[in-house]
Every structure is written in structure tokens, then in C-alpha cells.
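Data file: work.tsv. Format and content: TSV, C-alpha atoms.
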chain	number	residue	atom	x	y	z
A	1	MET	CA	37.95	-12.47	-20.28
A	2	SER	CA	39.26	-10.06	-22.90
A	3	ARG	CA	39.15	-6.30	-22.41
A	4	LEU	CA	36.78	-6.07	-25.40
A	5	ASN	CA	34.33	-8.48	-23.78
A	6	GLN	CA	34.56	-6.63	-20.47
A	7	ASP	CA	33.80	-3.32	-22.17
A	8	SER	CA	30.87	-4.91	-24.00
A	9	ILE	CA	29.38	-6.33	-20.79
A	10	LEU	CA	29.83	-3.00	-19.00
A	11	SER	CA	28.11	-1.19	-21.85
A	12	ASP	CA	25.23	-3.68	-21.74
A	13	GLN	CA	24.88	-3.17	-18.00
A	14	ILE	CA	24.76	0.60	-18.35
A	15	TRP	CA	22.04	0.48	-20.99
A	16	MET	CA	20.05	-2.14	-19.08
A	17	GLN	CA	20.13	0.01	-15.96
A	18	LYS	CA	18.56	2.79	-18.03
A	19	ALA	CA	15.82	0.35	-19.06
A	20	ILE	CA	15.29	-0.63	-15.43
A	21	ALA	CA	14.98	3.03	-14.43
A	22	LEU	CA	12.32	3.45	-17.13
A	23	ALA	CA	10.42	0.38	-15.92
A	24	LYS	CA	10.19	1.87	-12.43
A	25	LEU	CA	8.15	4.75	-13.85
A	26	GLY	CA	5.23	2.34	-14.09
A	27	GLN	CA	5.61	0.72	-10.68
A	28	TYR	CA	2.38	2.21	-9.31
A	29	SER	CA	0.22	1.98	-12.42
A	30	THR	CA	0.83	-1.23	-14.38
A	31	ARG	CA	-0.85	-3.83	-12.16
A	32	PRO	CA	-1.62	-6.59	-12.80
A	33	ASN	CA	0.91	-6.36	-15.64
A	34	PRO	CA	4.63	-6.40	-14.84
A	35	ASN	CA	6.87	-3.34	-14.93
A	36	VAL	CA	8.91	-3.30	-18.13
A	37	GLY	CA	11.36	-0.84	-19.64
A	38	CYS	CA	13.11	-0.82	-23.02
A	39	VAL	CA	15.86	1.21	-24.64
A	40	ILE	CA	17.07	0.93	-28.23
A	41	VAL	CA	20.70	1.72	-28.98
A	42	LYS	CA	22.47	2.12	-32.32
A	43	ASP	CA	26.15	2.90	-32.79
A	44	GLY	CA	26.44	3.66	-29.09
A	45	GLN	CA	23.61	6.22	-29.16
A	46	LEU	CA	20.16	6.03	-27.58
A	47	VAL	CA	17.60	6.15	-30.40
A	48	GLY	CA	14.44	5.01	-28.61
A	49	LYS	CA	13.07	4.36	-25.15
A	50	GLY	CA	9.80	3.44	-23.51
A	51	PHE	CA	8.08	1.80	-20.55
A	52	HIS	CA	4.77	0.06	-20.00
A	53	PRO	CA	2.51	2.63	-18.27
A	54	LYS	CA	-0.73	0.73	-17.68
A	55	ALA	CA	-2.52	-2.54	-18.40
A	56	GLY	CA	-4.24	-2.33	-21.78
A	57	GLN	CA	-1.81	0.25	-23.12
A	58	ALA	CA	1.18	-0.39	-25.37
A	59	HIS	CA	4.17	-2.28	-24.01
A	60	ALA	CA	7.61	-0.79	-23.46
A	61	GLU	CA	9.03	-2.19	-26.70
A	62	VAL	CA	6.27	-0.55	-28.76
A	63	PHE	CA	7.00	2.92	-27.37
A	64	ALA	CA	10.74	2.43	-27.85
A	65	LEU	CA	10.32	1.26	-31.46
A	66	GLN	CA	8.02	4.17	-32.27
A	67	ALA	CA	10.64	6.58	-30.92
A	68	ALA	CA	13.46	4.87	-32.81
A	69	GLY	CA	11.68	4.76	-36.17
A	70	GLU	CA	14.01	3.76	-38.99
A	71	ASN	CA	16.95	3.83	-36.59
A	72	ALA	CA	15.70	0.54	-35.14
A	73	GLN	CA	17.13	-1.25	-38.21
A	74	GLY	CA	20.31	-3.02	-37.08
A	75	ALA	CA	20.06	-1.66	-33.52
A	76	THR	CA	20.19	-3.36	-30.11
A	77	ALA	CA	17.14	-3.45	-27.86
A	78	TYR	CA	17.55	-3.75	-24.09
A	79	VAL	CA	14.45	-5.12	-22.38
A	80	THR	CA	14.01	-5.77	-18.65
A	81	LEU	CA	11.66	-8.74	-19.19
A	82	GLU	CA	11.42	-11.25	-22.02
A	83	PRO	CA	9.29	-9.73	-24.82
A	84	CYS	CA	5.79	-11.22	-25.00
A	85	ALA	CA	5.01	-13.76	-27.71
A	86	HIS	CA	1.23	-13.93	-27.48
A	87	TYR	CA	-1.74	-11.80	-28.46
A	88	GLY	CA	-3.44	-10.20	-25.46
A	89	ARG	CA	-4.88	-6.71	-25.38
A	90	THR	CA	-1.90	-5.77	-27.58
A	91	PRO	CA	0.04	-7.65	-30.30
A	92	PRO	CA	3.16	-9.65	-29.34
A	93	CYS	CA	6.23	-7.48	-28.88
A	94	VAL	CA	8.54	-10.00	-30.53
A	95	LYS	CA	6.66	-9.43	-33.78
A	96	GLY	CA	7.39	-5.70	-33.63
A	97	LEU	CA	11.07	-6.24	-32.84
A	98	VAL	CA	11.47	-8.64	-35.77
A	99	GLU	CA	9.61	-6.42	-38.25
A	100	ALA	CA	11.62	-3.35	-37.18
A	101	GLY	CA	14.86	-5.10	-38.11
A	102	ILE	CA	16.38	-5.16	-34.62
A	103	ALA	CA	19.71	-7.02	-34.84
A	104	ARG	CA	20.28	-7.85	-31.18
A	105	VAL	CA	18.08	-8.11	-28.10
A	106	VAL	CA	19.45	-8.11	-24.56
A	107	VAL	CA	16.98	-9.49	-22.01
A	108	ALA	CA	17.45	-9.05	-18.27
A	109	CYS	CA	15.24	-11.95	-17.18
A	110	VAL	CA	13.04	-14.64	-18.69
A	111	ASP	CA	9.27	-14.37	-18.22
A	112	PRO	CA	7.94	-17.48	-16.36
A	113	ASN	CA	4.41	-16.78	-17.63
A	114	PRO	CA	3.44	-19.99	-19.49
A	115	LEU	CA	2.22	-17.83	-22.38
A	116	VAL	CA	5.77	-16.55	-22.83
A	117	ALA	CA	8.33	-18.68	-20.91
A	118	GLY	CA	11.13	-18.69	-23.45
A	119	LYS	CA	8.86	-18.54	-26.50
A	120	GLY	CA	9.64	-14.88	-27.12
A	121	ILE	CA	13.37	-15.53	-27.01
A	122	GLN	CA	13.05	-18.49	-29.37
A	123	ILE	CA	11.03	-16.49	-31.91
A	124	LEU	CA	13.71	-13.80	-31.94
A	125	LYS	CA	16.45	-16.38	-32.44
A	126	ASP	CA	14.52	-18.10	-35.22
A	127	ALA	CA	14.35	-14.72	-36.95
A	128	GLY	CA	18.14	-14.47	-36.89
A	129	ILE	CA	18.29	-11.95	-34.05
A	130	VAL	CA	21.15	-12.32	-31.56
A	131	VAL	CA	19.69	-12.74	-28.06
A	132	GLU	CA	21.52	-12.47	-24.75
A	133	VAL	CA	19.87	-13.13	-21.40
A	134	GLY	CA	20.81	-12.33	-17.80
A	135	ILE	CA	22.28	-8.81	-17.89
A	136	CYS	CA	21.35	-7.09	-14.58
A	137	GLU	CA	19.00	-10.00	-13.89
A	138	ALA	CA	18.84	-9.54	-10.10
A	139	ASP	CA	17.92	-5.85	-10.37
A	140	ALA	CA	15.32	-6.58	-13.03
A	141	LYS	CA	13.71	-9.32	-10.96
A	142	LYS	CA	13.21	-6.91	-8.07
A	143	LEU	CA	10.94	-4.89	-10.35
A	144	ASN	CA	8.42	-7.73	-10.52
A	145	GLN	CA	8.91	-10.00	-7.53
A	146	GLY	CA	5.21	-10.73	-7.19
A	147	PHE	CA	4.54	-11.31	-10.88
A	148	LEU	CA	7.54	-13.60	-11.28
A	149	LYS	CA	6.72	-15.63	-8.16
A	150	ALA	CA	3.03	-15.96	-9.03
A	151	MET	CA	3.76	-17.09	-12.58
A	152	ALA	CA	6.31	-19.64	-11.36
A	153	THR	CA	4.57	-20.98	-8.23
A	154	GLY	CA	0.93	-19.88	-8.23
A	155	MET	CA	1.43	-17.89	-5.01
A	156	PRO	CA	1.83	-14.11	-4.61
A	157	TYR	CA	4.85	-12.43	-3.07
A	158	VAL	CA	4.07	-11.61	0.57
A	159	ARG	CA	5.53	-8.69	2.49
A	160	LEU	CA	4.87	-8.27	6.19
A	161	LYS	CA	5.10	-4.70	7.47
A	162	VAL	CA	5.68	-4.12	11.17
A	163	ALA	CA	6.46	-0.96	13.15
A	164	SER	CA	7.85	-1.36	16.65
A	165	SER	CA	9.75	0.25	19.48
A	166	LEU	CA	13.27	-0.73	20.51
A	167	ASP	CA	11.76	-3.21	22.95
A	168	GLY	CA	9.71	-4.88	20.22
A	169	ARG	CA	6.33	-3.37	21.08
A	170	THR	CA	3.73	-2.23	18.58
A	171	ALA	CA	1.07	-0.57	20.76
A	172	MET	CA	0.20	0.26	24.33
A	173	ALA	CA	-1.85	-2.25	26.32
A	174	SER	CA	-4.95	-0.17	25.52
A	175	GLY	CA	-4.28	-0.53	21.79
A	176	GLU	CA	-3.05	3.05	21.36
A	177	SER	CA	-0.38	3.09	18.66
A	178	LYS	CA	-0.36	6.58	17.05
A	179	TRP	CA	2.39	7.18	16.50
A	180	ILE	CA	5.38	4.95	17.22
A	181	THR	CA	7.29	5.84	14.06
A	182	GLY	CA	7.83	9.25	12.51
A	183	VAL	CA	6.42	10.92	9.43
A	184	GLU	CA	9.12	9.62	7.08
A	185	ALA	CA	8.52	5.97	7.98
A	186	ARG	CA	4.75	6.34	7.69
A	187	GLN	CA	5.16	7.98	4.30
A	188	ASP	CA	7.38	5.11	3.19
A	189	VAL	CA	4.56	2.66	3.93
A	190	GLN	CA	2.53	4.37	1.21
A	191	HIS	CA	5.05	3.08	-1.33
A	192	TRP	CA	4.63	-0.53	-0.21
A	193	ARG	CA	0.86	-0.20	-0.42
A	194	ALA	CA	1.11	1.36	-3.87
A	195	ILE	CA	3.10	-1.56	-5.31
A	196	SER	CA	0.79	-4.13	-3.74
A	197	GLY	CA	-2.25	-5.72	-5.31
A	198	ALA	CA	-3.77	-6.25	-1.87
A	199	VAL	CA	-3.29	-5.18	1.73
A	200	ILE	CA	-4.30	-7.83	4.25
A	201	THR	CA	-5.38	-6.97	7.77
A	202	GLY	CA	-7.35	-8.48	10.63
A	203	ILE	CA	-10.72	-7.39	11.97
A	204	ASN	CA	-9.18	-6.31	15.27
A	205	THR	CA	-7.00	-3.77	13.47
A	206	VAL	CA	-10.05	-2.39	11.65
A	207	LEU	CA	-12.07	-2.18	14.87
A	208	ALA	CA	-9.23	-0.52	16.79
A	209	ASP	CA	-8.03	1.97	14.17
A	210	ASP	CA	-10.92	2.30	11.69
A	211	CYS	CA	-8.18	2.24	9.06
A	212	GLN	CA	-8.51	2.65	5.30
A	213	LEU	CA	-5.21	1.02	4.23
A	214	ASN	CA	-5.25	2.80	0.87
A	215	VAL	CA	-2.69	5.00	-0.87
A	216	ARG	CA	-3.24	8.63	0.03
A	217	GLN	CA	0.06	10.35	-0.71
A	218	LEU	CA	3.10	9.62	-2.87
A	219	PRO	CA	5.80	12.22	-3.57
A	220	ASP	CA	5.91	13.39	-7.20
A	221	THR	CA	3.14	10.98	-8.17
A	222	ASP	CA	-0.32	11.65	-9.56
A	223	LEU	CA	-2.61	9.58	-7.34
A	224	GLU	CA	-5.08	9.21	-10.20
A	225	MET	CA	-2.49	7.04	-11.96
A	226	VAL	CA	-2.04	4.77	-8.94
A	227	VAL	CA	-3.83	1.42	-9.03
A	228	GLN	CA	-5.22	1.25	-5.49
A	229	PRO	CA	-4.76	-2.07	-3.68
A	230	GLN	CA	-7.62	-4.29	-2.69
A	231	ARG	CA	-8.14	-4.34	1.08
A	232	VAL	CA	-8.60	-7.83	2.49
A	233	VAL	CA	-10.09	-8.18	5.98
A	234	LEU	CA	-9.94	-11.45	7.89
A	235	ASP	CA	-13.20	-11.44	9.81
A	236	ARG	CA	-14.12	-14.96	10.89
A	237	GLN	CA	-16.86	-13.78	13.28
A	238	GLY	CA	-18.53	-11.35	10.87
A	239	GLN	CA	-17.82	-8.24	12.95
A	240	LEU	CA	-16.96	-5.70	10.22
A	241	PRO	CA	-19.18	-2.62	10.81
A	242	LEU	CA	-21.04	-1.34	7.78
A	243	ASP	CA	-19.93	2.21	8.61
A	244	ALA	CA	-16.22	1.32	8.75
A	245	LYS	CA	-14.05	3.74	6.76
A	246	ILE	CA	-12.57	0.85	4.82
A	247	LEU	CA	-16.01	0.32	3.24
A	248	ALA	CA	-16.07	3.82	1.74
A	249	VAL	CA	-15.04	2.10	-1.50
A	250	PRO	CA	-16.67	-1.31	-0.95
A	251	GLU	CA	-15.84	-2.74	-4.37
A	252	SER	CA	-12.16	-2.61	-3.41
A	253	VAL	CA	-12.71	-4.65	-0.24
A	254	MET	CA	-12.54	-8.41	0.20
A	255	VAL	CA	-13.65	-10.17	3.36
A	256	MET	CA	-12.59	-13.62	4.50
A	257	GLY	CA	-15.37	-14.75	6.82
A	258	PRO	CA	-19.00	-15.88	6.95
A	259	PHE	CA	-21.24	-14.74	4.12
A	260	ARG	CA	-23.15	-11.53	4.91
A	261	PRO	CA	-25.89	-10.40	2.48
A	262	GLU	CA	-25.45	-6.77	3.53
A	263	LEU	CA	-21.79	-6.86	2.40
A	264	ALA	CA	-22.76	-8.51	-0.86
A	265	HIS	CA	-25.29	-5.73	-1.45
A	266	LEU	CA	-22.50	-3.17	-1.08
A	267	GLY	CA	-20.35	-4.97	-3.64
A	268	VAL	CA	-17.81	-6.44	-1.22
A	269	VAL	CA	-16.13	-9.62	-2.47
A	270	GLN	CA	-16.55	-12.37	0.12
A	271	LEU	CA	-14.00	-15.16	0.06
A	272	GLU	CA	-15.01	-18.68	1.01
A	273	VAL	CA	-11.59	-19.90	2.14
A	274	GLN	CA	-10.40	-21.16	5.52
A	275	SER	CA	-6.61	-21.21	5.55
A	276	LEU	CA	-4.11	-18.43	4.95
A	277	SER	CA	-2.42	-20.38	2.15
A	278	ASP	CA	-5.79	-20.88	0.43
A	279	LEU	CA	-6.40	-17.15	0.78
A	280	LEU	CA	-3.14	-16.36	-0.98
A	281	CYS	CA	-3.87	-18.82	-3.78
A	282	THR	CA	-7.30	-17.26	-4.24
A	283	LEU	CA	-5.82	-13.76	-4.43
A	284	LYS	CA	-3.55	-14.94	-7.23
A	285	ASP	CA	-6.70	-15.99	-9.12
A	286	PHE	CA	-7.78	-12.32	-8.88
A	287	HIS	CA	-4.46	-11.36	-10.57
A	288	ILE	CA	-3.09	-10.12	-7.25
A	289	TYR	CA	0.61	-10.91	-7.24
A	290	ASP	CA	2.00	-8.68	-4.44
A	291	VAL	CA	0.50	-8.76	-0.96
A	292	LEU	CA	1.24	-6.47	1.98
A	293	ILE	CA	0.24	-7.55	5.48
A	294	GLU	CA	-0.54	-4.73	7.91
A	295	ALA	CA	-1.98	-6.39	10.96
A	296	GLY	CA	-1.62	-7.05	14.66
A	297	ALA	CA	0.59	-9.61	16.32
A	298	THR	CA	-1.84	-12.54	16.05
A	299	LEU	CA	-2.25	-12.43	12.27
A	300	ALA	CA	1.38	-11.45	11.64
A	301	THR	CA	2.54	-14.37	13.77
A	302	ALA	CA	0.23	-16.77	11.91
A	303	PHE	CA	1.69	-15.80	8.53
A	304	LEU	CA	5.22	-16.13	9.90
A	305	GLN	CA	4.68	-19.49	11.56
A	306	GLU	CA	3.10	-20.90	8.41
A	307	HIS	CA	6.18	-19.71	6.47
A	308	LEU	CA	4.10	-17.63	4.08
A	309	VAL	CA	6.16	-14.43	4.37
A	310	ASP	CA	8.71	-13.72	1.64
A	311	GLU	CA	9.96	-10.43	3.07
A	312	MET	CA	9.53	-8.48	6.27
A	313	ILE	CA	9.68	-4.68	6.27
A	314	SER	CA	10.41	-3.71	9.87
A	315	TYR	CA	10.39	-0.09	11.04
A	316	ILE	CA	12.12	0.44	14.39
A	317	ALA	CA	11.57	3.64	16.35
A	318	PRO	CA	14.13	4.78	18.96
A	319	THR	CA	11.74	4.53	21.87
A	320	PHE	CA	10.69	2.15	24.65
A	321	LEU	CA	7.04	1.37	25.35
A	322	GLY	CA	7.45	-0.91	28.38
A	323	GLN	CA	6.68	-4.51	29.23
A	324	SER	CA	2.89	-4.06	29.43
A	325	ALA	CA	2.74	-2.81	25.83
A	326	ARG	CA	1.70	-5.21	23.06
A	327	ALA	CA	4.42	-7.35	21.52
A	328	MET	CA	4.99	-7.53	17.76
A	329	PHE	CA	5.08	-11.35	17.87
A	330	ASN	CA	3.04	-13.59	20.16
A	331	ALA	CA	4.09	-17.17	19.49
A	332	GLU	CA	5.15	-19.35	22.41
A	333	PHE	CA	8.53	-20.96	21.78
A	334	THR	CA	10.20	-23.28	24.28
A	335	SER	CA	13.53	-23.96	22.54
A	336	MET	CA	16.03	-22.15	20.34
A	337	ALA	CA	15.34	-24.68	17.59
A	338	GLU	CA	11.88	-23.18	17.13
A	339	GLN	CA	13.07	-19.66	16.42
A	340	LEU	CA	12.36	-18.00	13.09
A	341	ARG	CA	15.56	-16.54	11.68
A	342	PHE	CA	15.87	-13.87	9.03
A	343	LYS	CA	18.61	-12.55	6.79
A	344	LEU	CA	19.15	-8.81	6.76
A	345	GLU	CA	18.99	-7.53	3.19
A	346	ASP	CA	18.96	-3.77	3.70
A	347	VAL	CA	18.98	-1.08	6.39
A	348	THR	CA	17.76	2.44	5.60
A	349	GLN	CA	17.34	5.40	7.92
A	350	MET	CA	13.90	6.97	7.71
A	351	GLY	CA	14.03	10.24	9.61
A	352	ASN	CA	14.75	9.17	13.18
A	353	ASP	CA	13.69	5.57	12.54
A	354	LEU	CA	15.28	2.58	10.85
A	355	ARG	CA	13.76	0.44	8.12
A	356	LEU	CA	15.01	-3.13	7.94
A	357	SER	CA	14.34	-5.38	4.96
A	358	LEU	CA	14.59	-9.03	5.93
A	359	ILE	CA	13.99	-12.33	4.20
A	360	PRO	CA	13.56	-15.75	5.85
A	361	SER	CA	16.88	-17.42	6.49
A	362	GLN	CA	17.51	-20.97	5.34
A	363	GLU	CA	20.32	-21.40	7.86
A	364	LYS	CA	19.79	-24.01	10.53
A	365	VAL	CA	20.31	-23.06	14.16
Please render this file's structure as C-alpha cells.
Amino acid sequence: MSRLNQDSILSDQIWMQKAIALAKLGQYSTRPNPNVGCVIVKDGQLVGKGFHPKAGQAHAEVFALQAAGENAQGATAYVTLEPCAHYGRTPPCVKGLVEAGIARVVVACVDPNPLVAGKGIQILKDAGIVVEVGICEADAKKLNQGFLKAMATGMPYVRLKVASSLDGRTAMASGESKWITGVEARQDVQHWRAISGAVITGINTVLADDCQLNVRQLPDTDLEMVVQPQRVVLDRQGQLPLDAKILAVPESVMVMGPFRPELAHLGVVQLEVQSLSDLLCTLKDFHIYDVLIEAGATLATAFLQEHLVDEMISYIAPTFLGQSARAMFNAEFTSMAEQLRFKLEDVTQMGNDLRLSLIPSQEKV
């Protein structure tokens, strides 16, 4: 590869990283739309930038083109996701790019949404615009893991959050669990809730903790801009108390269990599904693309054994709770061949705790 090409690729990567940083500004507010950032560059200078702030509002390309004005003519646009090619609440972004006279568009990743799926790129090419795809693709895909998976497979991206001691325990035998991890780890959980369309839990967790599972605090973030997640309670025996804290905002609660007229009267969505995979498919129909599981060992184990978990976020506190404390996983395995292996993607210290990011391993034992 020539030095000129190397310099060009490096320059593209630098500008795309700026677009990715812009896209992250909407990570708590754009759902169910994806996070998208755009920068427009002419003669090596930034002339326009923008990000998509909220569903129903203008897309990133529109803000960037408005900022660039006449400087968009002959410029290069860097976009983290393929520009849309269809009319929704807003006009297609490819139309704006073409009309502005953009000469080159660099796209980080293709949009698998059937309404787009390469159509935006083709329209740009047909208009004589040079299009390049794949710059910083991996980083851009992390912005929208749920959206991309849901559009491609029909299933949301599932994260399982667990917090345990060094000996793999999540609560005392009595159910007491406040607090195993420190303030920093518990604050970090707020981020995972805030990027999720739904938080799934089991009825036993609700009965034991009377939890709300909403977003209550995010550093440097206006909570009014945060799209709160739906809370999904698996309650097969119909035990959810009507005075549970989670029902303080009943319209944001879904219950998987027998139909209860009193819940319907409150505005709770009741889901008539039986399996966990059917539940996830149904959530996708509600435009929920990222799911966070915060539950006890029984439900967490069920999701793991059915291979429905895409990523596990594991917080480990430097403490021992003893053999009578509750385990984080309760399956009964009799051979090493049955084990569930994971690949370690990231380790981050959170105060005095560790946060591990793990994905299921495809390696055979």
C-alpha cells in the first residue's frame, strides 16, 4: 500500500472517529432509532457536524449539512451508519446529500434495515458520488448492537448483568444482597439500563427487593432526555403486588404471565407468550432492540442455557459470602462437555470492583 493511500485511510479513520463520538451523544435518547453521527470535511477542514438526538427529529446528516451550508459542495461526508433512503418521519438523508453536492461519502457500516439495506449507498453511487464503506466498522457497530441484530435476525441484543462475590455468590441465603458491589459499579449499571429498550427481571427479584429497575442517575446527563426502558416482569403465577414500586409508572411495565384485569386497568402490557425466545421476539415487535436482564440465578441460568445471551456484564466484588449464600448460576452439570464457556472482551476496574464483559465462546471443550 502506498504512503498516500495509508495517509488517506488514516485521515478517514480520524474523521470517522469524530462522527462516532458525535453519535454517542444520542445514546440515551434516540431509541428506538439507531445512534448516528456525521461530519462533513472540505479541504481537510471540518465544515459541518451533527448527530441524531431523538426519534422524530432530524437525522445526523441533516444537522451536518445545515452547518456546512454552501461548503457542502464538493465535500466529504463521514457517516457512522448508511444514510436512510426512505421517507419516515423525516425525508431520506441520501436526497439531502445528493442535493447539497457532496462529492464523497464514507460510511462506517451498512444498515441491515430492509428499508435501507444498501439502497442508500446505491442511490449515492447512481448520483455520481464516490462511496466507501467499512471505515471504523467495528467501532460503529458497537453503537447500535441491538438495532443491527434486530434488523438482521428479528431478535434483540441481550445483555445479562450479574454482580457477585469472589466465590460466585449473589446474595445471602436470606436473600439479602445490599450491597455486594460498591457505588461505582452500581452507578455503571445505570448506563446499561439507559441504553436498553427493556430490563427483564423475575417476580422473585421484585418480591425480594421491590425494585424499580429504571434510570435514576447518569453523570452529566439530563434525565429528562433519557428514554426510560420498559420493565418486563416474568410472573407465571400472577404474584405481582399492585403496590409494587415498579408499578409507579404502569404504562412502562410489561408482564409475562396470566392475564389480570387489574393490571390491564392500570395500563400494564400483558404478554401472552410462554418461552423466553418468544418473549424476545415479541419485544422486537415493540421496537425494543436492546435487552438487559437483571434477575436471580434461576432466570439468568435459563437465558444462558437456552443460548439467548449475547453478552454478559459481570461485576465481581473482592469479598467472600460463604457456601450457604446464593449462587449466581444454578444449573446442574455432570460433565465438562456441558460447561458454558465465554470469551473475555474487556476488564475494567470500577472502584474496588471489577467489571468483566464476556461473550459466548464458540470454542469446543
Pick from A:Ala198, A:Gln274, A:Cys211, A:Glu137: nearest to Asp235 (chain A), with all atoms listed in the file counted?
A:Gln274
Find the residues around Gly238 (chain A) up to 10 Å (all atoms listed in the file counted), leave out those fewer than 6 positions away in its own chain, and share them as JSON, numbers by chain.
{"A": [203, 255, 256, 257, 258, 259, 260]}
Within 10 Å of Gln187 (chain A) using all atoms listed in the file, minus same-chain residues under 4 positions, as a list in words:
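Once the adjacent positions are removed, what remains is Gly182, Val183, His191, Trp192, Val215, Arg216, Gln217, Leu218, Pro219 and Met350 of chain A.
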Just need the box for region 235-249 of chain A, edges along x, y and z, holding every atom the file lists for it with 3 Å tacked onto each side, so centre and edge lengths in Å to one decimal, as AutoDock Vina command-line options.
--center_x -16.8 --center_y -5.6 --center_z 5.9 --size_x 14.5 --size_y 24.8 --size_z 20.8
Residues near region 69-84 of chain A, anyone? I mean within 7 Å using only C-alpha atoms, not counting same-chain ones fewer than 4 positions away, as a count of residues only.
32
